[in-house]
>>> print(open('structure.txt').read())   # compact mmCIF, C-alpha atoms
# COMPACT_ATOMS: atom_id res chain seq x y z
CA ASP A 1 50.56 52.00 76.16
CA ALA A 2 48.01 54.02 78.12
CA LYS A 3 45.77 51.64 80.07
CA THR A 4 42.30 52.45 81.31
CA THR A 5 40.15 51.78 84.35
CA GLN A 6 36.38 51.64 84.00
CA PRO A 7 33.64 50.28 86.26
CA ASN A 8 32.68 46.76 85.24
CA SER A 9 28.99 47.61 85.15
CA MET A 10 26.51 50.43 85.64
CA GLU A 11 22.74 50.74 85.62
CA SER A 12 20.54 53.58 84.55
CA ASN A 13 16.84 54.20 84.33
CA GLU A 14 15.44 54.85 80.91
CA GLU A 15 15.24 58.54 79.97
CA GLU A 16 17.76 59.43 82.70
CA PRO A 17 21.25 60.80 82.04
CA VAL A 18 24.19 58.42 82.39
CA HIS A 19 27.75 59.36 83.26
CA LEU A 20 30.30 56.68 82.37
CA PRO A 21 33.72 57.38 83.92
CA CYS A 22 37.15 56.33 82.70
CA ASN A 23 40.57 56.79 84.23
CA HIS A 24 43.52 56.91 81.84
CA SER A 25 46.24 58.29 84.07
CA THR A 26 49.13 57.18 81.83
CA ILE A 27 47.80 58.91 78.73
CA SER A 28 50.32 60.88 76.69
CA GLY A 29 49.83 64.40 75.44
CA THR A 30 49.03 63.38 71.87
CA ASP A 31 46.63 60.52 72.57
CA TYR A 32 43.06 61.16 71.52
CA ILE A 33 40.45 59.71 73.87
CA HIS A 34 38.00 57.57 71.97
CA TRP A 35 34.79 55.98 73.19
CA TYR A 36 33.22 53.01 71.47
CA ARG A 37 30.36 50.75 72.38
CA GLN A 38 29.45 47.21 71.50
CA LEU A 39 25.85 46.15 71.42
CA PRO A 40 25.11 42.45 71.92
CA SER A 41 26.20 40.35 68.93
CA GLN A 42 27.47 43.36 66.99
CA GLY A 43 30.79 44.92 66.12
CA PRO A 44 32.16 47.92 68.02
CA GLU A 45 30.55 51.23 67.17
CA TYR A 46 32.16 54.64 67.43
CA VAL A 47 30.56 57.01 69.94
CA ILE A 48 32.77 60.08 70.32
CA HIS A 49 36.38 61.22 70.66
CA GLY A 50 38.35 64.25 71.77
CA LEU A 51 41.79 65.52 72.70
CA THR A 52 41.51 68.28 75.28
CA SER A 53 38.22 70.11 74.96
CA ASN A 54 34.81 68.75 75.80
CA VAL A 55 33.04 67.41 72.76
CA ASN A 56 29.40 66.95 71.79
CA ASN A 57 27.79 64.99 68.99
CA ARG A 58 24.37 63.59 68.28
CA MET A 59 25.03 60.48 70.36
CA ALA A 60 26.76 61.79 73.46
CA SER A 61 29.00 64.31 75.16
CA LEU A 62 32.57 63.77 76.26
CA ALA A 63 33.94 65.63 79.26
CA ILE A 64 37.73 65.52 79.52
CA ALA A 65 39.47 66.45 82.75
CA GLU A 66 41.87 69.35 82.60
CA ASP A 67 44.85 67.07 83.33
CA ARG A 68 43.48 64.56 80.77
CA LYS A 69 43.88 61.68 83.19
CA SER A 70 40.18 60.93 83.17
CA SER A 71 37.14 61.45 81.04
CA THR A 72 33.40 60.94 81.29
CA LEU A 73 31.02 59.86 78.58
CA ILE A 74 27.60 61.40 79.05
CA LEU A 75 24.46 59.93 77.53
CA HIS A 76 21.88 62.64 78.06
CA ARG A 77 18.81 60.42 78.00
CA ALA A 78 19.45 56.69 78.15
CA THR A 79 17.27 54.51 75.99
CA LEU A 80 16.97 50.73 75.91
CA ARG A 81 19.02 50.77 72.71
CA ASP A 82 21.94 52.24 74.67
CA ALA A 83 22.41 49.01 76.61
CA ALA A 84 25.90 47.95 75.57
CA VAL A 85 29.49 47.61 76.70
CA TYR A 86 31.23 51.00 76.57
CA TYR A 87 34.97 51.27 76.06
CA CYS A 88 37.24 54.25 76.50
CA ILE A 89 40.40 53.96 74.43
CA PRO A 90 43.39 56.29 74.45
CA ASP A 91 44.37 56.25 70.79
CA ARG A 92 48.07 56.69 70.23
CA ILE A 93 48.74 57.51 66.63
CA GLY A 94 50.22 54.48 64.88
CA ASN A 95 49.82 52.26 67.91
CA GLN A 96 47.53 49.43 68.92
CA PHE A 97 43.89 50.09 69.71
CA TYR A 98 43.46 48.54 73.16
CA PHE A 99 39.83 47.87 74.09
CA GLY A 100 40.04 46.73 77.69
CA THR A 101 37.02 45.20 79.42
CA GLY A 102 34.76 48.26 79.32
CA THR A 103 31.62 49.12 81.29
CA SER A 104 28.49 47.07 80.73
CA LEU A 105 25.55 49.48 80.82
CA THR A 106 22.12 48.16 81.74
CA VAL A 107 19.16 50.42 81.04
CA ILE A 108 16.12 49.75 83.18
CA PRO A 109 12.73 50.47 81.61
CA GLU B 110 25.96 56.14 54.87
CA PRO B 111 29.15 54.30 53.85
CA GLU B 112 29.92 51.16 55.80
CA VAL B 113 32.53 48.46 56.16
CA THR B 114 31.37 45.09 54.88
CA GLN B 115 32.72 41.64 55.65
CA THR B 116 32.26 38.25 54.03
CA PRO B 117 31.37 35.60 54.86
CA SER B 118 29.28 36.25 57.94
CA HIS B 119 30.05 32.74 59.20
CA GLN B 120 32.87 30.41 58.18
CA VAL B 121 33.21 26.85 59.36
CA THR B 122 36.47 25.06 58.69
CA GLN B 123 38.45 22.03 59.74
CA MET B 124 41.55 22.38 61.87
CA GLY B 125 44.64 22.77 59.71
CA GLN B 126 42.78 24.32 56.79
CA GLU B 127 43.48 27.75 55.37
CA VAL B 128 40.82 30.45 55.59
CA ILE B 129 40.57 33.88 54.04
CA LEU B 130 38.33 36.47 55.62
CA ARG B 131 37.35 39.36 53.41
CA CYS B 132 36.60 42.97 54.14
CA VAL B 133 35.66 45.94 52.00
CA PRO B 134 36.65 49.10 53.86
CA ILE B 135 35.07 52.49 53.24
CA SER B 136 36.39 53.74 49.92
CA ASN B 137 38.35 56.85 50.90
CA HIS B 138 39.87 55.35 54.05
CA LEU B 139 43.60 54.82 54.30
CA TYR B 140 44.08 52.82 57.53
CA PHE B 141 42.85 49.28 57.95
CA TYR B 142 42.65 46.97 60.93
CA TRP B 143 41.76 43.45 61.98
CA TYR B 144 40.55 42.53 65.46
CA ARG B 145 39.26 39.33 66.96
CA GLN B 146 36.90 38.57 69.81
CA ILE B 147 36.77 35.13 71.34
CA LEU B 148 33.30 34.38 72.69
CA GLY B 149 32.76 36.12 76.03
CA GLN B 150 36.11 37.90 75.92
CA LYS B 151 37.31 41.35 75.00
CA VAL B 152 38.07 42.68 71.54
CA GLU B 153 41.75 42.12 70.72
CA PHE B 154 43.84 44.03 68.21
CA LEU B 155 45.54 41.89 65.58
CA VAL B 156 47.10 44.15 62.97
CA SER B 157 47.03 47.58 61.39
CA PHE B 158 47.81 48.28 57.73
CA TYR B 159 48.69 51.51 56.00
CA ASN B 160 50.29 52.41 52.69
CA ASN B 161 50.30 48.75 51.61
CA GLU B 162 52.23 47.48 54.56
CA ILE B 163 51.72 46.36 58.12
CA SER B 164 52.24 49.28 60.50
CA GLU B 165 51.70 47.40 63.74
CA LYS B 166 50.84 43.88 64.86
CA SER B 167 50.11 42.21 68.16
CA GLU B 168 51.60 39.07 69.66
CA ILE B 169 48.57 37.16 68.43
CA PHE B 170 49.44 37.95 64.81
CA ASP B 171 52.08 35.27 64.31
CA ASP B 172 53.40 33.63 61.14
CA GLN B 173 50.09 31.84 60.60
CA PHE B 174 48.42 35.17 59.85
CA SER B 175 48.83 37.46 56.88
CA VAL B 176 46.99 40.45 55.48
CA GLU B 177 46.70 41.78 51.99
CA ARG B 178 45.01 44.53 50.05
CA PRO B 179 45.04 42.81 46.67
CA ASP B 180 43.04 45.19 44.50
CA GLY B 181 42.65 48.55 46.21
CA SER B 182 39.22 47.75 47.58
CA ASN B 183 39.38 44.46 49.45
CA PHE B 184 41.35 43.88 52.64
CA THR B 185 41.89 40.24 53.56
CA LEU B 186 43.04 38.28 56.56
CA LYS B 187 44.47 34.83 55.87
CA ILE B 188 45.02 32.16 58.46
CA ARG B 189 47.26 29.49 56.94
CA SER B 190 46.63 26.53 59.20
CA THR B 191 43.72 27.09 61.52
CA LYS B 192 43.71 25.89 65.12
CA LEU B 193 40.77 25.30 67.41
CA GLU B 194 41.71 28.41 69.36
CA ASP B 195 41.30 30.57 66.25
CA SER B 196 37.54 30.23 66.64
CA ALA B 197 36.32 33.77 67.22
CA MET B 198 34.57 36.76 65.70
CA TYR B 199 36.90 38.66 63.42
CA PHE B 200 36.23 42.35 62.88
CA CYS B 201 37.65 44.52 60.17
CA ALA B 202 37.85 48.29 60.65
CA SER B 203 38.96 51.27 58.62
CA ARG B 204 39.56 54.94 59.19
CA GLN B 205 40.24 57.93 57.00
CA ASN B 206 43.28 59.19 58.87
CA SER B 207 45.33 58.23 61.89
CA TYR B 208 43.37 60.07 64.57
CA ASN B 209 39.68 60.02 63.72
CA GLU B 210 37.13 57.31 64.31
CA GLN B 211 37.40 53.71 63.19
CA PHE B 212 34.45 52.19 61.40
CA PHE B 213 33.90 48.51 62.16
CA GLY B 214 32.35 45.84 60.02
CA PRO B 215 29.72 43.40 61.29
CA GLY B 216 32.29 40.64 61.73
CA THR B 217 32.93 37.12 60.48
CA ARG B 218 32.29 34.30 62.90
CA LEU B 219 35.02 31.69 62.37
CA THR B 220 34.40 28.22 63.76
CA VAL B 221 37.28 25.75 63.64
CA LEU B 222 36.30 22.11 64.14
>>> encode(input="structure.txt", output="structure tokens")
Amino acid sequence: DAKTTQPNSMESNEEEPVHLPCNHSTISGTDYIHWYRQLPSQGPEYVIHGLTSNVNNRMASLAIAEDRKSSTLILHRATLRDAAVYYCIPDRIGNQFYFGTGTSLTVIP
Amino acid sequence: EPEVTQTPSHQVTQMGQEVILRCVPISNHLYFYWYRQILGQKVEFLVSFYNNEISEKSEIFDDQFSVERPDGSNFTLKIRSTKLEDSAMYFCASRQNSYNEQFFGPGTRLTVL
């Protein structure tokens, strides 16, 4: 299974952009890269996913390296509600969804 | 917006008792999952279910655990004889196909005394 490496924690000022990195060097060619977040006392929440191209949605942008061994989740303007643990997950079709320990994002007002 | 629901929100049980945790996935989804999260720890995969059978399970999902989709709408997790270490949040998730996003329920907090 593709394992991931993320910083344990990051801080951002409110209204500033945040770049959350993830290394997934053992990813296979067919694994989608998913990002989820978990707010305190809640279940995981989908953020974004992609395969090769950069992706944008209303929550965030996902930048995927050309060799697909790393990706970066971009929150364009962090708000206090974005304080959560963020997980990047290489999703192998039919395989386990491995969450890892994620990055705990603190947003400073 | 459609959502995954779970009942009960909190279940307290005595060690050795059987519990059934219930989930209603989003109606047109085909893949179903159970995860658990022990307090202060990471989310752990338990089992995935597709086409009325288990497609993958983790080492945690031993003979004490079973899953069922009894009526085409509910998806249940049964723990036959609960242990203290089964105390955790249990999350159900569903997805429409095998590569798009999973939608998670709010969780059931299981406390085993």
>>> interface_residues(input="structure.txt", of="chain B", to="chain A", cutoff="7 Å", atoms="only C-alpha atoms", output="ChimeraX atom specification")
/B:151-154,165,200,207-208,210-216
>>> atom_distance(input="structure.txt", atom1="atom CA of B:Val221", atom2="atom CA of B:Ala197")
8.8 Å
>>> residues_around(input="structure.txt", residues="B:His119", least_positions_apart="5", cutoff="9 Å", atoms="only C-alpha atoms", output="list in words")
Met198, Gly216, Thr217, Arg218, Leu219 and Thr220 of chain B
>>> atom_distance(input="structure.txt", atom1="atom CA of A:Arg37", atom2="atom CA of B:Thr116")
22.3 Å
>>> closest_residue(input="structure.txt", among="B:Gln146, B:Asn161, B:Asn183, B:Ser203", to="B:Cys132", atoms="only C-alpha atoms")
B:Asn183
>>> residues_around(input="structure.txt", residues="A:Pro109", least_positions_apart="3", cutoff="12 Å", atoms="all atoms listed in the file", output="VMD selection string")
chain A and resid 11 to 16 78 to 83 106
>>> closest_residue(input="structure.txt", among="A:Ser9, A:Pro90, A:Thr4, A:His76", to="A:Ser28", atoms="only C-alpha atoms")
A:Pro90
>>> axis_aligned_box(input="structure.txt", around="stretch 168-187 of chain B", padding_each_side="8 Å", output="lines of an AutoDock Vina configuration file")
center_x = 46.3
center_y = 40.2
center_z = 57.1
size_x = 30.2
size_y = 32.7
size_z = 41.2
>>> atom_distance(input="structure.txt", atom1="atom CA of A:Leu20", atom2="atom CA of A:Ile64")
11.9 Å
>>> residues_around(input="structure.txt", residues="B:Val156", least_positions_apart="6", cutoff="6 Å", atoms="all atoms listed in the file", output="PyMOL selection string")
chain B and resi 142-143+165-166
>>> residues_around(input="structure.txt", residues="B:Ser136", least_positions_apart="6", cutoff="12 Å", atoms="all atoms listed in the file", output="mmCIF file with C-alpha atoms, in the frame of the given file")
data_model
loop_
_atom_site.group_PDB
_atom_site.id
_atom_site.type_symbol
_atom_site.label_atom_id
_atom_site.label_comp_id
_atom_site.auth_asym_id
_atom_site.auth_seq_id
_atom_site.Cartn_x
_atom_site.Cartn_y
_atom_site.Cartn_z
ATOM 1 C CA GLU B 110 25.960 56.140 54.870
ATOM 2 C CA PRO B 111 29.150 54.300 53.850
ATOM 3 C CA GLU B 112 29.920 51.160 55.800
ATOM 4 C CA VAL B 113 32.530 48.460 56.160
ATOM 5 C CA THR B 114 31.370 45.090 54.880
ATOM 6 C CA GLY B 181 42.650 48.550 46.210
ATOM 7 C CA SER B 182 39.220 47.750 47.580
ATOM 8 C CA ASN B 183 39.380 44.460 49.450
ATOM 9 C CA PHE B 184 41.350 43.880 52.640
ATOM 10 C CA SER B 203 38.960 51.270 58.620
ATOM 11 C CA ARG B 204 39.560 54.940 59.190
ATOM 12 C CA GLN B 205 40.240 57.930 57.000
ATOM 13 C CA PHE B 212 34.450 52.190 61.400
#
>>> residues_around(input="structure.txt", residues="stretch 171-180 of chain B", least_positions_apart="5", cutoff="12 Å", atoms="all atoms listed in the file", output="number ranges by chain")
B: 125-134, 139-143, 155-166, 185-192, 195, 201
>>> closest_residue(input="structure.txt", among="B:Gln123, B:Gln115, B:Tyr144, B:Ala202", to="B:Ile169", atoms="all atoms listed in the file")
B:Tyr144
>>> closest_residue(input="structure.txt", among="A:Val18, A:Leu39, A:Val107, A:Cys88", to="A:Ala60", atoms="all atoms listed in the file")
A:Val18
